[in-house]
Amino acid sequence: MKILSAEVMVTSPDRNFVTLKVITDDGVTGLGDATLNGRELAVASYLRDHIAPLLIGRNPHQIEDTWQYLYRGAYWRRGPVTMAAIAAVDMALWDIKGKVAGLPVYQLLGGAYRVGMLAYGHASGTTYASLSESIHAHLERGFLAVRVQSSVPGIRKLYGVVNHSEPSGVRFGYEPADRGTRPVEEDWDSAAYIRYVPKVFEQVRQEFGAELPLLHDAHHRLTPIEAAKLGQRLEPYDMFWLEDCTPAENQQGLRLVRQHTITPLAIGEVFNAVWDFQQLISEQLIDYVRASATHFGGITPLRKVMDFAALYQIRSGFHGPTDVSPVGLAAQLHVGLAIHNFGIQEYMEHSDATNTVFRQNMTFRNGLMHPGEAPGLGVELDEELAANFPYQAAYLPVTRLHDGSMHDW
Ligand code: GCO
Ligand code: MG
């Protein structure tokens with residue numbers, strides 16, 4: 001069997017997605033997700049101009065060989081653009097292998113090891129009343145775990161908070177990238193945030209009780225000592241995790257956070273290679289691996305990092321925002337179903353338009369996700385429909401402090 005063609009499709013059913021379609025000489029097709037929020041066309045070009053020509057004629061069954069060929073062969077290793085492109089090829093080849101075998105990908109990874117995967121949704125509010133309403137809405141929808149983000153007095157516009165008075169506010173999630181030719185500017189004040197967030201969790205625990213797993217994303221904004229302070233102040237509320245408490249480029253910084261708090265830590269949604277986790281895992285500086293198949297080079301390295309993490313009792317918390325396409329989400333669900341050290345799965349929920357363009361077999365029932373039983377990844381792209389949603393320029397926001405200087409978004 002040989003690869004006959006590899007096509008890149010960019011479609012924007014409510015948000016942009018980059019999808020690779022690999023076709024074999026036997027007529028089997030495989031899909032891969034290469035969506036890099038706000039920089040989509042860079043990956044589309046990398047795939048179309050530099051990778052697709054190399055795939056023609058290769059044996060699609062040789063997944064490890066193709067992965068290493070693209071990773072080592074580029075010489076310029078790693079980075080989000082390269083690794084999202086390699087991820088798409090890797091997923092497409094697993095999709096093909098599954099379809100040829102007549103088996104869902106999780107079977108090729110060792111088989112189902114659990115009945116489904118605990119998923120968390122994104123609750124948020126600009127006031128406690130709207131936050132409470134949002135948590136109730138998630139519980140009614142079946143979620144057994146929720147991420148809680150709230151507006152903070154003194155910060156005008158904040159990551160992860162849906163304004164419920166806007167039309168998009170009725171949706172469960174939020175979409176961080178805004179269409180247009182310039183990023184939206186948000187603001188930030190670490191002291192105000194650290195003072196306020198524990199009060200929010202105190203109220204949530206009072207209303208929703210001790211058992212509901214609660215998560216929170218600090219989105220890379222704190223220094224290590226600020227992160228340690230927040231982690232310590234959240235301890236009475238027994239968090240499932242505190243995510244991206246400090247930018248993880250400074251990996252030793254996590255030692256400082258660890259010395260001061262037992263709040264579990266999750267990191268890694270912007271990492272793109274197993275090596276990015278080497279120190280954090282081997283020194284046990286984190287509790288959850290936040291990688292996604294899409295930004296991490298695909299199913300092959302995601303499985304490898306989880307086997308490495310298992311040696312240190314570190315579990316998965318794969319990144320599942322709307323900018324991971326249904327193809328990418330399915331890819332990580334197949335991994336999560338098969339591994340021993342699954343922890344939790346983020347499920348931000350795609351819009352109806354996205355879910356119509358990407359036909360899917362995965363399910364969310366009684367709070368648990370499952371990739372479904374269709375051979376391969378179980379997601380197909382309706383290309384005719386996709387053509388109705390051409391690419392639209394969009395940017396993630398940027399953040400400024402109140403003195404006008406730039407801060408981490
Ligand atoms: C999360 C993430 C996302 C990112 C987004 C950027 O925890 O789900 O932080 O909300 O901001 O993926 O493209
Ligand atoms: Mg995050």
# chains A, B, ... in the order shown; residues from 1 in each chain; ligands from 1

call {"tool": "residues_around", "arguments": {"residues": "segment 356-362 of chain A", "least_positions_apart": "3", "cutoff": "8 Å", "atoms": "only C-alpha atoms", "output": "PDB file with N, CA and C atoms, in the first residue's frame"}}
result
ATOM      1  N   PRO A  13     -15.851  26.641  10.177  1.00  0.00           N
ATOM      2  CA  PRO A  13     -17.218  26.557  10.701  1.00  0.00           C
ATOM      3  C   PRO A  13     -17.252  27.096  12.134  1.00  0.00           C
ATOM      4  N   PRO A 326     -12.367  18.254  15.985  1.00  0.00           N
ATOM      5  CA  PRO A 326     -12.913  16.945  16.360  1.00  0.00           C
ATOM      6  C   PRO A 326     -11.970  15.788  15.994  1.00  0.00           C
ATOM      7  N   VAL A 327     -11.171  15.957  14.923  1.00  0.00           N
ATOM      8  CA  VAL A 327     -10.212  14.905  14.565  1.00  0.00           C
ATOM      9  C   VAL A 327      -9.148  14.785  15.670  1.00  0.00           C
ATOM     10  N   ALA A 330     -10.675  13.351  18.896  1.00  0.00           N
ATOM     11  CA  ALA A 330     -10.845  11.892  18.804  1.00  0.00           C
ATOM     12  C   ALA A 330      -9.502  11.196  19.002  1.00  0.00           C
ATOM     13  N   ASP A 352     -22.252  23.880  16.916  1.00  0.00           N
ATOM     14  CA  ASP A 352     -23.069  23.030  16.033  1.00  0.00           C
ATOM     15  C   ASP A 352     -22.502  23.028  14.617  1.00  0.00           C
ATOM     16  N   ALA A 353     -22.054  24.203  14.141  1.00  0.00           N
ATOM     17  CA  ALA A 353     -21.507  24.267  12.775  1.00  0.00           C
ATOM     18  C   ALA A 353     -20.281  23.361  12.658  1.00  0.00           C
ATOM     19  N   MET A 369     -16.525  10.503  28.322  1.00  0.00           N
ATOM     20  CA  MET A 369     -16.342  10.533  26.862  1.00  0.00           C
ATOM     21  C   MET A 369     -15.837   9.187  26.370  1.00  0.00           C
ATOM     22  N   HIS A 370     -16.167   8.903  25.104  1.00  0.00           N
ATOM     23  CA  HIS A 370     -15.721   7.659  24.465  1.00  0.00           C
ATOM     24  C   HIS A 370     -15.495   7.956  22.984  1.00  0.00           C
ATOM     25  N   PRO A 371     -14.430   7.429  22.384  1.00  0.00           N
ATOM     26  CA  PRO A 371     -14.167   7.761  20.974  1.00  0.00           C
ATOM     27  C   PRO A 371     -15.074   7.046  19.974  1.00  0.00           C
ATOM     28  N   GLY A 372     -15.866   6.059  20.427  1.00  0.00           N
ATOM     29  CA  GLY A 372     -16.760   5.334  19.509  1.00  0.00           C
ATOM     30  C   GLY A 372     -16.079   4.126  18.896  1.00  0.00           C
ATOM     31  N   GLU A 373     -16.872   3.360  18.149  1.00  0.00           N
ATOM     32  CA  GLU A 373     -16.399   2.060  17.659  1.00  0.00           C
ATOM     33  C   GLU A 373     -16.097   2.044  16.161  1.00  0.00           C
ATOM     34  N   ALA A 374     -16.184   3.204  15.507  1.00  0.00           N
ATOM     35  CA  ALA A 374     -15.915   3.219  14.056  1.00  0.00           C
ATOM     36  C   ALA A 374     -14.434   2.913  13.814  1.00  0.00           C
ATOM     37  N   GLY A 378     -12.638   7.708  13.621  1.00  0.00           N
ATOM     38  CA  GLY A 378     -14.088   7.858  13.774  1.00  0.00           C
ATOM     39  C   GLY A 378     -14.595   9.258  13.489  1.00  0.00           C
ATOM     40  N   VAL A 379     -13.823  10.055  12.751  1.00  0.00           N
ATOM     41  CA  VAL A 379     -14.287  11.395  12.370  1.00  0.00           C
ATOM     42  C   VAL A 379     -14.081  11.563  10.868  1.00  0.00           C
ATOM     43  N   GLU A 380     -15.095  12.088  10.178  1.00  0.00           N
ATOM     44  CA  GLU A 380     -14.968  12.366   8.742  1.00  0.00           C
ATOM     45  C   GLU A 380     -15.316  13.825   8.488  1.00  0.00           C
ATOM     46  N   LEU A 381     -14.669  14.398   7.469  1.00  0.00           N
ATOM     47  CA  LEU A 381     -14.914  15.802   7.128  1.00  0.00           C
ATOM     48  C   LEU A 381     -15.855  15.849   5.924  1.00  0.00           C
ATOM     49  N   ASP A 382     -16.971  16.574   6.083  1.00  0.00           N
ATOM     50  CA  ASP A 382     -17.880  16.768   4.960  1.00  0.00           C
ATOM     51  C   ASP A 382     -17.320  17.921   4.116  1.00  0.00           C
ATOM     52  N   GLU A 383     -16.616  17.558   3.048  1.00  0.00           N
ATOM     53  CA  GLU A 383     -15.859  18.579   2.299  1.00  0.00           C
ATOM     54  C   GLU A 383     -16.754  19.583   1.591  1.00  0.00           C
ATOM     55  N   LEU A 385     -19.702  20.695   2.641  1.00  0.00           N
ATOM     56  CA  LEU A 385     -20.130  21.654   3.663  1.00  0.00           C
ATOM     57  C   LEU A 385     -18.973  22.552   4.075  1.00  0.00           C
ATOM     58  N   ALA A 386     -17.789  21.929   4.234  1.00  0.00           N
ATOM     59  CA  ALA A 386     -16.612  22.679   4.692  1.00  0.00           C
ATOM     60  C   ALA A 386     -16.312  23.835   3.739  1.00  0.00           C
TER      61      ALA A 386
END

call {"tool": "residues_around", "arguments": {"residues": "segment 239-254 of chain A", "least_positions_apart": "4", "cutoff": "7 Å", "atoms": "only C-alpha atoms", "output": "number ranges by chain"}}
result
A: 213-224, 227, 235, 258, 263-267, 280, 285

call {"tool": "residues_around", "arguments": {"residues": "segment 293-307 of chain A", "least_positions_apart": "4", "cutoff": "9 Å", "atoms": "only C-alpha atoms", "output": "NGL selection string"}}
result
:A and (32-36 or 63-64 or 67 or 71 or 78 or 80-91 or 94 or 109 or 269-275 or 277-278 or 289 or 311 or 314-316 or 318-319 or 324-325 or 327-329 or 331-332 or 334-336 or 339-342)

call {"tool": "select_by_dssp", "arguments": {"residues": "segment 263-355 of chain A", "states": "strand (DSSP E)", "output": "list in words"}}
result
Leu265, Ala266, Ile267, Tyr288, Val289, Arg315, Ser316, Gly317, Phe318, Ile344, Gln345 and Glu346 of chain A

call {"tool": "write_last_selection", "arguments": {"atoms": "N, CA and C atoms", "output": "JSON list (two decimals), in the first residue's frame"}}
result
[["chain", "number", "residue", "atom", "x", "y", "z"],
["A", 265, "LEU", "N", -0.91, 20.22, 40.23],
["A", 265, "LEU", "CA", -0.56, 21.11, 39.13],
["A", 265, "LEU", "C", -0.67, 20.41, 37.77],
["A", 266, "ALA", "N", -1.21, 21.13, 36.80],
["A", 266, "ALA", "CA", -1.32, 20.61, 35.42],
["A", 266, "ALA", "C", -0.62, 21.60, 34.50],
["A", 267, "ILE", "N", 0.19, 21.06, 33.59],
["A", 267, "ILE", "CA", 0.96, 21.94, 32.68],
["A", 267, "ILE", "C", 1.19, 21.24, 31.34],
["A", 288, "TYR", "N", -0.32, 16.45, 36.25],
["A", 288, "TYR", "CA", -1.09, 16.14, 35.04],
["A", 288, "TYR", "C", -0.38, 16.67, 33.80],
["A", 289, "VAL", "N", -0.35, 15.86, 32.77],
["A", 289, "VAL", "CA", 0.23, 16.20, 31.46],
["A", 289, "VAL", "C", -0.88, 16.79, 30.60],
["A", 315, "ARG", "N", -0.53, 11.69, 35.71],
["A", 315, "ARG", "CA", -1.63, 11.26, 34.86],
["A", 315, "ARG", "C", -1.93, 12.25, 33.72],
["A", 316, "SER", "N", -2.82, 11.84, 32.85],
["A", 316, "SER", "CA", -3.15, 12.68, 31.68],
["A", 316, "SER", "C", -4.24, 13.68, 32.05],
["A", 317, "GLY", "N", -4.20, 14.83, 31.36],
["A", 317, "GLY", "CA", -5.29, 15.81, 31.41],
["A", 317, "GLY", "C", -5.24, 16.50, 30.07],
["A", 318, "PHE", "N", -5.51, 15.73, 29.01],
["A", 318, "PHE", "CA", -5.24, 16.22, 27.65],
["A", 318, "PHE", "C", -6.04, 17.49, 27.35],
["A", 344, "ILE", "N", -8.02, 12.92, 33.46],
["A", 344, "ILE", "CA", -9.27, 13.62, 33.13],
["A", 344, "ILE", "C", -9.11, 14.13, 31.70],
["A", 345, "GLN", "N", -10.23, 14.41, 31.03],
["A", 345, "GLN", "CA", -10.19, 14.92, 29.66],
["A", 345, "GLN", "C", -10.91, 16.27, 29.62],
["A", 346, "GLU", "N", -10.26, 17.29, 29.06],
["A", 346, "GLU", "CA", -10.95, 18.57, 28.86],
["A", 346, "GLU", "C", -11.92, 18.45, 27.69]]

call {"tool": "closest_residue", "arguments": {"among": "A:Val257, A:Ala387, A:Ala291, A:Leu47", "to": "ligand 2", "atoms": "only C-alpha atoms and all ligand atoms"}}
result
A:Ala291
